[in-house]
Amino acid sequence: MKLRFRLNDEDKELDVEPFRRLLDVLREDLHLTGSKEGCGEGECGACTVLIDGAPVNSCLVPVAQLDGHDIRTIEGLARQGTDGEVLLDEVQQALVSFGGTQCGICTPGIALCASAALTREPNADRARLRELLAGNLCRCTGYQLIIDALVDAASTRRGNSKR
Ligand code: FES
Ligand code: FES
């Protein structure tokens with residue numbers, strides 16, 4: 001089928017088999033390998049992308065469902081500044097600063113899910129952030145530094161929004 005959608009702020013048109021998984025189309029056809037496969041069964045969140053701003057497990061989505069929708073992957077979370085510099089999302093910056101990553105398989109999904117969560121709930125506290133990220137599993141870090149980073153990102157984003 002012919003599919004039209006927005007991907008990381010660009011219009012895309014693809015000819016694809018409609019029941020292929022979005023995760024596979026992103027990684028294999030579009031070479032966006034930031035979305036990871038952990039479980040392949042909707043349990044771990046490693047494959048998270050944003051569809052119309054909401055986090056979705058791309059391993060569970062047939063690509064046919066994307067027609068007319070807006071998709072953001074980890075490759076599209078950072079923005080470009082006016083001088084062409086890369087401006088990391090507050091969540092990405094905090095994960096770097098706090099060392100909230102080890103093997104990195106969970107990190108793209110966590111960054112996207114947390115960024116969307118902070119857009120929806122800018123005042124989310126530590127306990128709420130843990131709940132909002134409950135669908136994103138990490139087998140390495142023990143979560144402490146990830147949650148520390150997200151608390152910091154929430155505070156930074158609230159500060160930025162007041163400017
Ligand atoms: S790979 Fe999709 S939820 Fe685990
Ligand atoms: S850093 Fe390895 S799964 Fe989270």
# chains A, B, ... in the order shown; residues from 1 in each chain; ligands from 1
$ residues_around --residues "Ala154 (chain A)" --least-positions-apart "3" --cutoff "10 Å" --atoms "only C-alpha atoms" --output "ChimeraX atom specification"
/A:90-91,94,114-115,117-119,121-126,129,149-151,157-160
$ write_last_selection --atoms "C-alpha atoms" --output "compact mmCIF listing (two decimals), in the first residue's frame"
# COMPACT_ATOMS: atom_id res chain seq x y z
CA GLU A 90 15.98 18.25 28.25
CA VAL A 91 15.52 14.52 28.92
CA ALA A 94 19.81 14.98 31.71
CA ALA A 114 9.72 10.77 29.30
CA SER A 115 9.77 13.72 26.94
CA ALA A 117 5.22 12.55 29.65
CA LEU A 118 6.73 15.90 30.65
CA THR A 119 4.81 17.61 27.86
CA GLU A 121 2.41 16.45 32.88
CA PRO A 122 5.09 19.13 33.39
CA ASN A 123 4.65 19.02 37.17
CA ALA A 124 5.14 15.26 37.48
CA ASP A 125 7.15 14.48 40.62
CA ARG A 126 9.55 11.56 41.21
CA LEU A 129 7.64 9.88 36.79
CA ALA A 149 17.79 12.44 35.39
CA LEU A 150 14.07 12.69 34.68
CA VAL A 151 13.45 14.72 37.85
CA ARG A 157 11.88 22.11 31.26
CA ARG A 158 9.71 24.02 33.73
CA GLY A 159 12.47 26.65 33.97
CA ASN A 160 12.78 26.87 30.18
$ closest_atom_pairs --of "chain A" --to "ligand 2" --cutoff "7 Å" --atoms "only C-alpha atoms and all ligand atoms" --output "CSV"
residue,atom,partner,partner_atom_place_in_ligand_line,distance
A:Thr101,CA,ligand 2,1 (S),4.3
A:Gln102,CA,ligand 2,1 (S),3.9
A:Cys103,CA,ligand 2,2 (Fe),3.9
A:Gly104,CA,ligand 2,1 (S),4.3
A:Ile105,CA,ligand 2,3 (S),5.0
A:Cys106,CA,ligand 2,4 (Fe),4.4
A:Thr107,CA,ligand 2,4 (Fe),6.1
A:Leu137,CA,ligand 2,3 (S),6.8
A:Cys138,CA,ligand 2,4 (Fe),3.7
A:Arg139,CA,ligand 2,3 (S),4.3
A:Cys140,CA,ligand 2,2 (Fe),4.4
A:Thr141,CA,ligand 2,1 (S),5.7
$ residues_around --residues "Met1 (chain A)" --least-positions-apart "4" --cutoff "12 Å" --atoms "only C-alpha atoms" --output "PyMOL selection string"
chain A and resi 13-20+63-67
$ residues_near_ligand --ligand "ligand 1" --cutoff "9 Å" --atoms "only C-alpha atoms and all ligand atoms" --output "list in words"
Leu23, Ser35, Lys36, Glu37, Gly38, Cys39, Gly40, Glu41, Gly42, Glu43, Cys44, Gly45, Ala46, Cys47, Thr48, Val56, Asn57, Ser58, Cys59, Leu60, Gly135, Asn136 and Leu137 of chain A
$ residues_around --residues "Asp52 (chain A)" --least-positions-apart "6" --cutoff "9 Å" --atoms "only C-alpha atoms" --output "list in words"
His69, Asp70, Ile71 and Arg72 of chain A
$ write_last_selection --atoms "N, CA and C atoms" --output "mmCIF file, in the first residue's frame"
data_model
loop_
_atom_site.group_PDB
_atom_site.id
_atom_site.type_symbol
_atom_site.label_atom_id
_atom_site.label_comp_id
_atom_site.auth_asym_id
_atom_site.auth_seq_id
_atom_site.Cartn_x
_atom_site.Cartn_y
_atom_site.Cartn_z
ATOM 1 N N HIS A 69 -0.557 10.078 9.906
ATOM 2 C CA HIS A 69 -0.158 10.393 11.279
ATOM 3 C C HIS A 69 1.242 11.003 11.339
ATOM 4 N N ASP A 70 1.571 11.473 12.557
ATOM 5 C CA ASP A 70 2.837 12.141 12.792
ATOM 6 C C ASP A 70 3.683 11.258 13.713
ATOM 7 N N ILE A 71 4.871 10.872 13.231
ATOM 8 C CA ILE A 71 5.722 9.958 14.002
ATOM 9 C C ILE A 71 7.013 10.665 14.365
ATOM 10 N N ARG A 72 7.423 10.463 15.618
ATOM 11 C CA ARG A 72 8.734 10.970 16.031
ATOM 12 C C ARG A 72 9.525 9.814 16.623
#
$ atom_distance --atom1 "CA of Lys162 (chain A)" --atom2 "CA of Glu85 (chain A)"
22.7 Å
$ atom_distance --atom1 "CA of Ala111 (chain A)" --atom2 "CA of Ile146 (chain A)"
9.7 Å
$ closest_residue --among "A:Leu88, A:Ile147, A:Leu112, A:Val49" --to "Arg128 (chain A)" --atoms "only C-alpha atoms"
A:Ile147
